[in-house]
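This is upload.txt (compact mmCIF, C-alpha atoms).
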```txt
# COMPACT_ATOMS: atom_id res chain seq x y z
CA MET A 1 0.00 0.00 0.00
CA TRP A 2 2.72 2.44 1.01
CA THR A 3 4.77 1.68 -2.09
CA PHE A 4 1.70 2.65 -4.10
CA PHE A 5 1.55 6.03 -2.36
CA HIS A 6 5.27 6.39 -2.84
CA LYS A 7 4.89 5.69 -6.56
CA LEU A 8 1.96 8.11 -6.77
CA GLY A 9 4.36 10.87 -5.77
CA SER A 10 6.76 10.04 -8.59
CA PRO A 11 6.26 12.19 -11.70
CA PRO A 12 7.75 9.75 -14.28
CA TRP A 13 5.66 6.87 -12.90
CA LEU A 14 2.49 8.97 -12.91
CA TYR A 15 3.21 10.19 -16.44
CA ALA A 16 3.72 6.66 -17.73
CA ILE A 17 0.74 5.08 -15.94
CA SER A 18 -1.62 7.90 -16.94
CA GLY A 19 -0.55 7.39 -20.55
CA SER A 20 -1.44 3.72 -20.48
CA ILE A 21 -4.76 4.39 -18.68
CA LEU A 22 -5.72 7.05 -21.24
CA ARG A 23 -5.06 4.69 -24.14
CA TRP A 24 -8.18 2.66 -23.27
CA LEU A 25 -10.15 5.08 -21.09
CA LEU A 26 -10.32 7.86 -23.68
CA PRO A 27 -11.93 5.79 -26.49
CA LEU A 28 -14.27 4.22 -23.92
CA THR A 29 -15.30 7.68 -22.67
CA LEU A 30 -16.03 8.96 -26.18
CA LEU A 31 -18.03 5.81 -26.96
CA ALA A 32 -20.10 6.15 -23.75
CA LEU A 33 -20.68 9.86 -24.41
CA VAL A 34 -21.89 9.30 -27.98
CA ALA A 35 -24.05 6.31 -26.97
CA GLY A 36 -25.60 8.19 -24.05
CA LEU A 37 -26.25 11.30 -26.14
CA VAL A 38 -27.94 9.44 -28.99
CA TRP A 39 -29.98 7.36 -26.54
CA GLY A 40 -31.15 10.37 -24.57
CA LEU A 41 -31.77 12.59 -27.59
CA LEU A 42 -33.51 10.21 -29.94
CA PHE A 43 -34.55 6.98 -28.26
CA THR A 44 -36.34 7.98 -25.05
CA ALA A 45 -39.96 9.08 -24.76
CA PRO A 46 -40.62 12.72 -23.84
CA ASP A 47 -41.56 13.69 -20.30
CA PHE A 48 -45.34 13.82 -19.85
CA ARG A 49 -45.23 17.29 -18.34
CA GLN A 50 -42.11 18.96 -19.81
CA GLY A 51 -42.24 17.42 -23.28
CA ASN A 52 -38.97 17.20 -25.18
CA SER A 53 -37.17 19.96 -23.30
CA TYR A 54 -36.47 17.48 -20.50
CA ARG A 55 -33.86 15.79 -22.78
CA ILE A 56 -31.43 18.43 -21.52
CA ILE A 57 -31.35 16.36 -18.31
CA TYR A 58 -28.88 13.97 -19.98
CA ILE A 59 -26.17 16.62 -19.94
CA HIS A 60 -27.35 18.97 -17.20
CA VAL A 61 -27.47 16.42 -14.37
CA PRO A 62 -24.23 14.54 -15.24
CA ALA A 63 -22.32 17.82 -15.59
CA ALA A 64 -23.65 19.12 -12.26
CA VAL A 65 -23.01 15.82 -10.42
CA VAL A 66 -19.43 15.56 -11.66
CA ALA A 67 -18.77 19.28 -11.10
CA LEU A 68 -19.58 18.68 -7.42
CA ALA A 69 -17.62 15.42 -7.23
CA GLY A 70 -14.68 17.19 -8.88
CA TYR A 71 -14.67 19.72 -6.07
CA TYR A 72 -14.10 16.91 -3.54
CA VAL A 73 -11.16 15.71 -5.63
CA MET A 74 -9.73 19.23 -5.82
CA ALA A 75 -10.17 19.94 -2.10
CA THR A 76 -8.74 16.52 -1.12
CA ALA A 77 -5.73 17.06 -3.37
CA GLY A 78 -5.37 20.53 -1.87
CA ALA A 79 -5.42 19.11 1.67
CA VAL A 80 -2.83 16.45 0.80
CA SER A 81 -0.56 19.05 -0.80
CA LEU A 82 -0.97 21.34 2.20
CA ILE A 83 -0.36 18.67 4.86
CA TRP A 84 2.21 16.36 3.26
CA LYS A 85 3.64 18.81 0.70
CA MET A 86 3.12 16.21 -2.01
CA LYS A 87 3.98 17.79 -5.35
CA MET A 88 1.75 15.52 -7.40
CA ALA A 89 -1.25 16.36 -5.18
CA ASP A 90 -0.62 19.98 -6.02
CA VAL A 91 -0.51 19.08 -9.72
CA ALA A 92 -3.84 17.24 -9.34
CA MET A 93 -5.45 20.17 -7.52
CA ARG A 94 -4.38 22.57 -10.24
CA ALA A 95 -5.56 20.23 -12.98
CA CYS A 96 -9.02 19.91 -11.38
CA ALA A 97 -9.83 23.61 -11.37
CA PRO A 98 -10.34 24.30 -15.12
CA ILE A 99 -12.21 21.01 -15.58
CA GLY A 100 -14.53 21.76 -12.69
CA ALA A 101 -15.11 25.24 -14.06
CA ALA A 102 -15.97 23.82 -17.50
CA LEU A 103 -18.43 21.29 -16.01
CA THR A 104 -20.08 23.90 -13.78
CA PHE A 105 -20.36 26.16 -16.82
CA ILE A 106 -22.10 23.36 -18.75
CA ALA A 107 -24.49 22.76 -15.83
CA LEU A 108 -25.36 26.47 -15.56
CA VAL A 109 -25.78 27.10 -19.29
CA THR A 110 -27.87 23.98 -19.93
CA GLY A 111 -29.88 24.81 -16.81
CA ALA A 112 -30.60 28.29 -18.17
CA ILE A 113 -31.59 26.89 -21.58
CA TRP A 114 -33.82 24.30 -19.87
CA GLY A 115 -35.32 26.97 -17.63
CA LYS A 116 -36.65 29.06 -20.51
CA PRO A 117 -39.26 26.59 -21.87
CA THR A 118 -39.95 25.04 -18.44
CA TRP A 119 -40.02 27.94 -15.97
CA GLY A 120 -40.41 30.77 -18.49
CA THR A 121 -37.12 32.37 -17.50
CA TRP A 122 -33.43 31.88 -18.24
CA TRP A 123 -32.26 32.72 -14.76
CA VAL A 124 -33.56 33.07 -11.20
CA TRP A 125 -31.51 33.98 -8.15
CA ASP A 126 -32.62 30.98 -6.19
CA ALA A 127 -30.47 28.96 -3.80
CA ARG A 128 -29.49 26.05 -6.08
CA ILE A 129 -28.54 28.20 -9.05
CA THR A 130 -26.77 30.87 -7.02
CA SER A 131 -24.73 28.32 -5.07
CA MET A 132 -23.73 26.67 -8.38
CA LEU A 133 -22.62 30.08 -9.64
CA ILE A 134 -20.49 30.42 -6.50
CA LEU A 135 -19.00 27.00 -7.32
CA LEU A 136 -18.02 28.32 -10.76
CA PHE A 137 -16.36 31.35 -9.13
CA LEU A 138 -14.51 29.08 -6.68
CA TYR A 139 -13.10 26.99 -9.52
CA LEU A 140 -12.16 30.10 -11.51
CA GLY A 141 -10.76 31.63 -8.31
CA VAL A 142 -8.34 28.71 -7.90
CA VAL A 143 -7.22 29.08 -11.55
CA ALA A 144 -6.75 32.85 -11.20
CA LEU A 145 -5.13 32.73 -7.75
CA TYR A 146 -2.46 30.32 -8.97
CA GLU A 147 -1.60 32.61 -11.86
CA ALA A 148 -1.51 35.66 -9.59
CA TYR A 149 1.54 34.47 -7.63
CA ASP A 150 5.08 34.47 -8.94
CA ASN A 151 6.15 32.22 -6.09
CA LYS A 152 4.53 28.91 -7.04
CA ALA A 153 4.93 27.36 -3.58
CA ALA A 154 2.95 30.23 -2.08
CA ALA A 155 0.43 29.96 -4.94
CA SER A 156 -0.15 26.28 -4.20
CA LYS A 157 -0.69 26.98 -0.53
CA ALA A 158 -3.17 29.79 -1.22
CA CYS A 159 -5.09 27.67 -3.74
CA ALA A 160 -5.25 24.73 -1.33
CA VAL A 161 -6.64 26.96 1.41
CA LEU A 162 -9.17 28.51 -0.98
CA SER A 163 -10.37 25.10 -2.18
CA LEU A 164 -10.72 23.86 1.41
CA VAL A 165 -12.62 26.94 2.54
CA GLY A 166 -14.86 26.60 -0.54
CA MET A 167 -15.92 23.13 0.67
CA VAL A 168 -18.52 24.90 2.81
CA ASN A 169 -20.44 25.58 -0.42
CA ILE A 170 -20.84 21.89 -1.33
CA PRO A 171 -23.42 20.82 1.31
CA ILE A 172 -25.25 24.09 0.62
CA ILE A 173 -25.59 23.12 -3.05
CA TYR A 174 -26.80 19.62 -2.14
CA LYS A 175 -29.33 20.80 0.41
CA SER A 176 -30.38 24.05 -1.32
CA VAL A 177 -33.52 22.51 -2.86
CA ASP A 178 -34.66 21.24 0.56
CA TRP A 179 -33.67 24.22 2.69
CA TRP A 180 -35.12 26.99 0.54
CA TYR A 181 -38.21 27.38 -1.56
CA SER A 182 -36.92 26.92 -5.09
CA LEU A 183 -38.02 26.55 -8.69
CA HIS A 184 -35.45 23.81 -9.02
CA GLN A 185 -36.85 20.33 -8.54
CA PRO A 186 -35.39 18.07 -5.82
CA ALA A 187 -33.29 15.03 -6.73
CA SER A 188 -35.13 12.29 -8.65
CA ILE A 189 -32.50 9.60 -8.16
CA LYS A 190 -32.12 8.34 -4.62
CA PHE A 191 -29.74 5.78 -3.24
CA THR A 192 -32.12 5.07 -0.39
CA GLY A 193 -35.79 4.71 -1.19
CA GLU A 194 -37.67 4.79 -4.46
CA SER A 195 -36.33 6.95 -7.31
CA THR A 196 -38.97 9.17 -8.88
CA ILE A 197 -37.76 8.65 -12.43
CA ASP A 198 -38.86 6.02 -14.93
CA PRO A 199 -36.28 3.29 -15.69
CA SER A 200 -36.43 4.13 -19.42
CA MET A 201 -35.11 7.59 -18.54
CA LEU A 202 -32.90 6.44 -15.68
CA TYR A 203 -30.63 4.08 -17.66
CA PRO A 204 -29.44 6.58 -20.28
CA LEU A 205 -29.02 9.12 -17.47
CA LEU A 206 -26.85 6.71 -15.47
CA LEU A 207 -24.82 5.99 -18.61
CA MET A 208 -24.26 9.71 -19.12
CA ILE A 209 -23.27 10.21 -15.46
CA GLY A 210 -20.74 7.39 -15.89
CA ALA A 211 -19.51 8.94 -19.15
CA PHE A 212 -19.04 12.33 -17.46
CA TYR A 213 -17.08 10.74 -14.59
CA ALA A 214 -14.87 9.07 -17.20
CA LEU A 215 -14.57 12.39 -19.05
CA PHE A 216 -13.48 14.08 -15.82
CA THR A 217 -10.87 11.37 -15.23
CA CYS A 218 -9.52 11.63 -18.79
CA SER A 219 -9.33 15.41 -18.74
CA LEU A 220 -7.76 15.34 -15.25
CA LEU A 221 -5.05 12.88 -16.32
CA MET A 222 -4.34 14.82 -19.53
CA ASN A 223 -4.10 18.12 -17.66
CA MET A 224 -1.82 16.48 -15.08
CA ARG A 225 0.46 15.10 -17.80
CA ALA A 226 0.89 18.54 -19.36
CA GLU A 227 1.50 20.10 -15.94
CA ILE A 228 4.03 17.39 -14.97
CA LEU A 229 5.97 17.93 -18.22
CA SER A 230 6.02 21.68 -17.73
CA ARG A 231 7.25 21.40 -14.12
CA GLU A 232 9.78 18.67 -14.82
CA ALA A 233 11.06 20.13 -18.09
CA ARG A 234 14.66 20.29 -16.86
CA THR A 235 14.84 16.78 -15.42
CA GLY A 236 16.65 13.92 -17.09
CA TRP A 237 13.59 11.74 -17.71
CA VAL A 238 11.71 14.49 -19.55
CA GLN A 239 14.78 15.33 -21.64
CA LYS A 240 15.08 11.64 -22.53
CA LEU A 241 11.37 11.46 -23.36
CA VAL A 242 11.64 14.52 -25.60
CA SER A 243 14.73 13.30 -27.45
CA GLY A 244 13.02 9.92 -27.84
CA SER A 245 9.91 11.52 -29.35
CA ALA A 246 11.99 13.57 -31.78
CA ASP A 247 13.69 10.50 -33.26
CA MET B 1 -36.11 5.80 -32.57
CA TYR B 2 -38.80 7.86 -30.88
CA PHE B 3 -39.16 10.46 -33.65
CA ASP B 4 -40.79 9.68 -37.02
CA SER B 5 -38.50 11.84 -39.14
CA LEU B 6 -35.32 13.88 -38.99
CA SER B 7 -37.29 17.13 -39.06
CA ALA B 8 -39.40 15.94 -36.11
CA ALA B 9 -36.20 15.13 -34.22
CA LEU B 10 -34.81 18.58 -35.02
CA HIS B 11 -38.03 20.39 -34.17
CA MET B 12 -38.96 18.37 -31.04
CA ASP B 13 -42.39 20.01 -30.83
CA GLY B 14 -40.92 23.47 -30.50
CA HIS B 15 -38.27 22.49 -27.94
CA GLY B 16 -35.66 21.55 -30.55
CA VAL B 17 -33.89 24.89 -30.48
CA PHE B 18 -33.38 24.62 -26.70
CA VAL B 19 -32.38 20.97 -26.64
CA TRP B 20 -30.03 21.07 -29.63
CA SER B 21 -28.34 24.32 -28.60
CA ALA B 22 -27.78 22.93 -25.07
CA TYR B 23 -26.22 19.78 -26.57
CA LEU B 24 -24.08 21.72 -29.04
CA ILE B 25 -22.70 24.15 -26.45
CA SER B 26 -21.97 21.32 -24.02
CA MET B 27 -20.22 19.17 -26.59
CA SER B 28 -18.02 22.07 -27.69
CA VAL B 29 -16.98 22.59 -24.06
CA VAL B 30 -16.32 18.83 -23.73
CA ALA B 31 -14.21 18.88 -26.91
CA PHE B 32 -12.24 21.80 -25.50
CA MET B 33 -11.73 19.96 -22.17
CA LEU B 34 -10.10 17.07 -24.03
CA ALA B 35 -8.24 19.04 -26.70
CA ALA B 36 -6.70 21.85 -24.59
CA PRO B 37 -4.43 19.67 -22.38
CA ARG B 38 -3.39 17.56 -25.38
CA VAL B 39 -2.41 20.68 -27.34
CA ARG B 40 -0.50 22.05 -24.33
CA GLU B 41 1.40 18.77 -23.90
CA ARG B 42 2.31 18.53 -27.60
CA LYS B 43 3.46 22.14 -27.67
CA LEU B 44 5.66 21.59 -24.59
CA ILE B 45 7.30 18.53 -26.13
CA LYS B 46 7.88 20.39 -29.39
CA ASN B 47 9.44 23.38 -27.63
CA LEU B 48 11.67 21.18 -25.48
CA ALA B 49 12.81 19.21 -28.54
CA ALA B 50 13.64 22.48 -30.33
CA GLN B 51 15.56 23.63 -27.28
CA GLN B 52 17.53 20.36 -27.22
CA ARG B 53 18.41 20.73 -30.90
CA ARG B 54 19.52 24.31 -30.31
CA LEU B 55 21.75 23.27 -27.42
CA ALA B 56 23.18 20.39 -29.45
CA GLY B 57 23.94 22.79 -32.28
CA GLN B 58 25.61 25.20 -29.90
CA SER B 59 27.84 22.57 -28.40
CA ASP B 60 28.96 21.63 -31.92
CA THR B 61 30.00 25.18 -32.70
CA LEU B 62 31.75 25.51 -29.34
CA LYS B 63 33.98 22.53 -30.10
CA PRO B 64 37.54 23.70 -30.62
CA VAL B 65 38.50 23.50 -34.22
CA ILE B 66 41.81 21.74 -34.41
CA PRO B 67 43.78 22.69 -37.52
CA GLU B 68 45.29 19.78 -39.32
```

Kindly transcribe the structure held in the file into structure tokens.
Amino acid sequence: MWTFFHKLGSPPWLYAISGSILRWLLPLTLLALVAGLVWGLLFTAPDFRQGNSYRIIYIHVPAAVVALAGYYVMATAGAVSLIWKMKMADVAMRACAPIGAALTFIALVTGAIWGKPTWGTWWVWDARITSMLILLFLYLGVVALYEAYDNKAAASKACAVLSLVGMVNIPIIYKSVDWWYSLHQPASIKFTGESTIDPSMLYPLLLMIGAFYALFTCSLLMNMRAEILSREARTGWVQKLVSGSAD
Amino acid sequence: MYFDSLSAALHMDGHGVFVWSAYLISMSVVAFMLAAPRVRERKLIKNLAAQQRRLAGQSDTLKPVIPE
């Protein structure tokens, strides 16, 4: 177990293993995304109340779910980098931020587009939507804060602290539809108790949630690889890799 | 397929413009999420390779020329 953690801290090992994971995970992700999209768009029946506009659920919900899950990854990586000064945890934290921002952006934009035909408005300042907007700002804040420092060790520390403080927003997002009166509907999929969604809509949705988790993993690994190369540019293994790729 | 024709799938009883634009925007963001790190990595490798070639060239010119 400990050797695994030790290896996890080694840039060349992480670069190599992420490369071999991506070789099969990336095609699988694209396949799941296309399958889920076609299934949700063309092969499911429309919702009896919302009609066809509900098809946006197949991107809105997966993007929102993974945007939240990504925040846990970022904050955990931030904590590890803060406590144990693990360089690769810092790389992971940094790599999470733009991906999380992109997913939160997708959730907000598709939510707004879905809101127009369903609620009659693109935007309302209600708890769920506002707390998701704060999530977007937290992700963008981590990206911007890192760039703002010349001293990268100080930048990492500040970003880790920001991502940990931002954790307070996560339970607020989860509970916002229960705590406040909101236009946003409560969760339809429940781990405990009966889900309030028909299986014919649930399966493509679950496929898309899986595809978005895989997408997050792929994008995270790819971002980490680029970041590792940029940080390790002067080391022997990167120089060897570069001269090998040029031949 | 649920829809009878392509135009019905595009129109979606008036909701087509919302659904398709949501899908298009999202998929462009997804494409960017996958392409951006790949482009950055390739560019880094290219720059480092160019740097190596430059250094190799320099060390050749710095070699003392021994007259025969």

Per-residue nearest contacts chain B to chain A, cut-off 10 Å, using all atoms listed in the file, as JSON lines:
```
{"residue": "B:Met1", "atom": "CA", "partner": "A:Phe43", "partner_atom": "CA", "distance": 4.7}
{"residue": "B:Tyr2", "atom": "CA", "partner": "A:Phe43", "partner_atom": "CA", "distance": 5.1}
{"residue": "B:Phe3", "atom": "CA", "partner": "A:Leu42", "partner_atom": "CA", "distance": 6.8}
{"residue": "B:Leu6", "atom": "CA", "partner": "A:Leu42", "partner_atom": "CA", "distance": 9.9}
{"residue": "B:Ala9", "atom": "CA", "partner": "A:Leu42", "partner_atom": "CA", "distance": 7.1}
{"residue": "B:Leu10", "atom": "CA", "partner": "A:Leu42", "partner_atom": "CA", "distance": 9.9}
{"residue": "B:His11", "atom": "CA", "partner": "A:Asn52", "partner_atom": "CA", "distance": 9.6}
{"residue": "B:Met12", "atom": "CA", "partner": "A:Asn52", "partner_atom": "CA", "distance": 6.0}
{"residue": "B:Asp13", "atom": "CA", "partner": "A:Asn52", "partner_atom": "CA", "distance": 7.2}
{"residue": "B:Gly14", "atom": "CA", "partner": "A:Asn52", "partner_atom": "CA", "distance": 8.5}
{"residue": "B:His15", "atom": "CA", "partner": "A:Ser53", "partner_atom": "CA", "distance": 5.4}
{"residue": "B:Gly16", "atom": "CA", "partner": "A:Ser53", "partner_atom": "CA", "distance": 7.6}
{"residue": "B:Val17", "atom": "CA", "partner": "A:Ser53", "partner_atom": "CA", "distance": 9.3}
{"residue": "B:Phe18", "atom": "CA", "partner": "A:Ile113", "partner_atom": "CA", "distance": 5.9}
{"residue": "B:Val19", "atom": "CA", "partner": "A:Ile56", "partner_atom": "CA", "distance": 5.8}
{"residue": "B:Trp20", "atom": "CA", "partner": "A:Ile56", "partner_atom": "CA", "distance": 8.6}
{"residue": "B:Ser21", "atom": "CA", "partner": "A:Ile113", "partner_atom": "CA", "distance": 8.2}
{"residue": "B:Ala22", "atom": "CA", "partner": "A:Thr110", "partner_atom": "CA", "distance": 5.2}
{"residue": "B:Tyr23", "atom": "CA", "partner": "A:Ile59", "partner_atom": "CA", "distance": 7.3}
{"residue": "B:Ile25", "atom": "CA", "partner": "A:Ile106", "partner_atom": "CA", "distance": 7.8}
{"residue": "B:Ser26", "atom": "CA", "partner": "A:Ile106", "partner_atom": "CA", "distance": 5.7}
{"residue": "B:Met27", "atom": "CA", "partner": "A:Ile106", "partner_atom": "CA", "distance": 9.1}
{"residue": "B:Ser28", "atom": "CA", "partner": "A:Ile106", "partner_atom": "CA", "distance": 9.9}
{"residue": "B:Val29", "atom": "CA", "partner": "A:Ala102", "partner_atom": "CA", "distance": 6.8}
{"residue": "B:Val30", "atom": "CA", "partner": "A:Ala102", "partner_atom": "CA", "distance": 8.0}
{"residue": "B:Phe32", "atom": "CA", "partner": "A:Ala102", "partner_atom": "CA", "distance": 9.1}
{"residue": "B:Met33", "atom": "CA", "partner": "A:Ser219", "partner_atom": "CA", "distance": 6.2}
{"residue": "B:Leu34", "atom": "CA", "partner": "A:Ser219", "partner_atom": "CA", "distance": 5.6}
{"residue": "B:Ala35", "atom": "CA", "partner": "A:Ser219", "partner_atom": "CA", "distance": 8.8}
{"residue": "B:Ala36", "atom": "CA", "partner": "A:Asn223", "partner_atom": "CA", "distance": 8.3}
{"residue": "B:Pro37", "atom": "CA", "partner": "A:Asn223", "partner_atom": "CA", "distance": 5.0}
{"residue": "B:Arg38", "atom": "CA", "partner": "A:Met222", "partner_atom": "CA", "distance": 6.5}
{"residue": "B:Val39", "atom": "CA", "partner": "A:Ala226", "partner_atom": "CA", "distance": 8.9}
{"residue": "B:Arg40", "atom": "CA", "partner": "A:Ala226", "partner_atom": "CA", "distance": 6.2}
{"residue": "B:Glu41", "atom": "CA", "partner": "A:Ala226", "partner_atom": "CA", "distance": 4.6}
{"residue": "B:Arg42", "atom": "CA", "partner": "A:Ala226", "partner_atom": "CA", "distance": 8.4}
{"residue": "B:Lys43", "atom": "CA", "partner": "A:Ala226", "partner_atom": "CA", "distance": 9.4}
{"residue": "B:Leu44", "atom": "CA", "partner": "A:Ser230", "partner_atom": "CA", "distance": 6.9}
{"residue": "B:Ile45", "atom": "CA", "partner": "A:Val242", "partner_atom": "CA", "distance": 5.9}
{"residue": "B:Lys46", "atom": "CA", "partner": "A:Val242", "partner_atom": "CA", "distance": 7.9}
{"residue": "B:Asn47", "atom": "CA", "partner": "A:Val242", "partner_atom": "CA", "distance": 9.4}
{"residue": "B:Leu48", "atom": "CA", "partner": "A:Val242", "partner_atom": "CA", "distance": 6.7}
{"residue": "B:Ala49", "atom": "CA", "partner": "A:Val242", "partner_atom": "CA", "distance": 5.7}
{"residue": "B:Ala50", "atom": "CA", "partner": "A:Ala246", "partner_atom": "CA", "distance": 9.2}
{"residue": "B:Gln52", "atom": "CA", "partner": "A:Ser243", "partner_atom": "CA", "distance": 7.6}
{"residue": "B:Arg53", "atom": "CA", "partner": "A:Ser243", "partner_atom": "CA", "distance": 9.0}
```

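Near Arg128 of chain A, within a cut-off of 9 Å and counting all atoms listed in the file, sit the residues Ile172, Ile173, Tyr174, Lys175, Ser176, Val177, Trp180, Ser182, Leu183 and His184 of chain A, with same-chain residues fewer than 6 positions away left out.
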
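Summary of the local environment: counting only C-alpha atoms, residues at most 9 Å from segment 152-158 of chain A, other than itself and those fewer than 6 positions away along its chain, are Gly78, Ser81, Leu82, Asp90, Met93, Arg94, Val142, Leu145 and Tyr146 of chain A.
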
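For the pair atom CA of Ala75 of chain A and atom CA of Lys87 of chain A, the separation is 14.7 Å.
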
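The space separating atom CA of Ala35 of chain A from atom CA of Thr104 of chain A comes to 22.3 Å.
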
Residues near Ile134 of chain A, cut-off 12 Å, all atoms listed in the file, skip fewer than 3 positions along chain, as a ChimeraX atom specification: /A:68,101,104-105,108,125,127-131,137-141,166-170,172-173

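Separating atom CA of Val73 of chain A from atom CA of Leu162 of chain A is a distance of 13.8 Å.
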
Judged by all atoms listed in the file, the minimum distance to Gly9 of chain A among A:Val91, A:Gly236, A:Gly100, A:Pro62 is found for A:Val91

Of A:Ala214, A:Val143, A:Leu206, A:Leu136, the one sitting nearest Ile21 of chain A when using only C-alpha atoms is A:Ala214

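Look at Leu8 of chain A: the protein and nucleic acid residues within 12 Å of it, using only C-alpha atoms and passing over chain neighbours fewer than 6 places away, are A:Met1, A:Trp2, A:Leu14, A:Tyr15, A:Ala16, A:Ile17, A:Ser18, A:Met86, A:Lys87, A:Met88, A:Ala89, A:Val91, A:Ala92.
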
Would you mind completing segment 11-26 of chain B to N, CA and C atoms and writing the output as an mmCIF file, in the coordinates of the input?
```cif
data_model
loop_
_atom_site.group_PDB
_atom_site.id
_atom_site.type_symbol
_atom_site.label_atom_id
_atom_site.label_comp_id
_atom_site.auth_asym_id
_atom_site.auth_seq_id
_atom_site.Cartn_x
_atom_site.Cartn_y
_atom_site.Cartn_z
ATOM 1 N N HIS B 11 -37.048 19.441 -34.675
ATOM 2 C CA HIS B 11 -38.030 20.390 -34.170
ATOM 3 C C HIS B 11 -38.422 20.099 -32.725
ATOM 4 N N MET B 12 -38.590 18.817 -32.391
ATOM 5 C CA MET B 12 -38.960 18.370 -31.040
ATOM 6 C C MET B 12 -40.156 19.138 -30.475
ATOM 7 N N ASP B 13 -41.175 19.301 -31.254
ATOM 8 C CA ASP B 13 -42.390 20.010 -30.830
ATOM 9 C C ASP B 13 -42.099 21.396 -30.276
ATOM 10 N N GLY B 14 -41.205 22.105 -30.930
ATOM 11 C CA GLY B 14 -40.920 23.470 -30.500
ATOM 12 C C GLY B 14 -39.778 23.576 -29.501
ATOM 13 N N HIS B 15 -39.344 22.446 -28.928
ATOM 14 C CA HIS B 15 -38.270 22.490 -27.940
ATOM 15 C C HIS B 15 -36.901 22.226 -28.566
ATOM 16 N N GLY B 16 -36.908 21.914 -29.870
ATOM 17 C CA GLY B 16 -35.660 21.550 -30.550
ATOM 18 C C GLY B 16 -34.556 22.567 -30.388
ATOM 19 N N VAL B 17 -34.915 23.839 -30.539
ATOM 20 C CA VAL B 17 -33.890 24.890 -30.480
ATOM 21 C C VAL B 17 -33.210 24.912 -29.104
ATOM 22 N N PHE B 18 -33.974 24.647 -28.045
ATOM 23 C CA PHE B 18 -33.380 24.620 -26.700
ATOM 24 C C PHE B 18 -32.502 23.386 -26.525
ATOM 25 N N VAL B 19 -33.093 22.225 -26.867
ATOM 26 C CA VAL B 19 -32.380 20.970 -26.640
ATOM 27 C C VAL B 19 -31.096 20.914 -27.461
ATOM 28 N N TRP B 20 -31.206 21.201 -28.771
ATOM 29 C CA TRP B 20 -30.030 21.070 -29.630
ATOM 30 C C TRP B 20 -28.964 22.100 -29.288
ATOM 31 N N SER B 21 -29.365 23.335 -28.941
ATOM 32 C CA SER B 21 -28.340 24.320 -28.600
ATOM 33 C C SER B 21 -27.643 23.924 -27.296
ATOM 34 N N ALA B 22 -28.395 23.379 -26.322
ATOM 35 C CA ALA B 22 -27.780 22.930 -25.070
ATOM 36 C C ALA B 22 -26.756 21.831 -25.355
ATOM 37 N N TYR B 23 -27.134 20.890 -26.244
ATOM 38 C CA TYR B 23 -26.220 19.780 -26.570
ATOM 39 C C TYR B 23 -24.988 20.298 -27.307
ATOM 40 N N LEU B 24 -25.209 21.214 -28.254
ATOM 41 C CA LEU B 24 -24.080 21.720 -29.040
ATOM 42 C C LEU B 24 -23.073 22.478 -28.179
ATOM 43 N N ILE B 25 -23.597 23.374 -27.324
ATOM 44 C CA ILE B 25 -22.700 24.150 -26.450
ATOM 45 C C ILE B 25 -21.920 23.203 -25.545
ATOM 46 N N SER B 26 -22.633 22.238 -24.957
ATOM 47 C CA SER B 26 -21.970 21.320 -24.020
ATOM 48 C C SER B 26 -20.895 20.513 -24.710
#
```
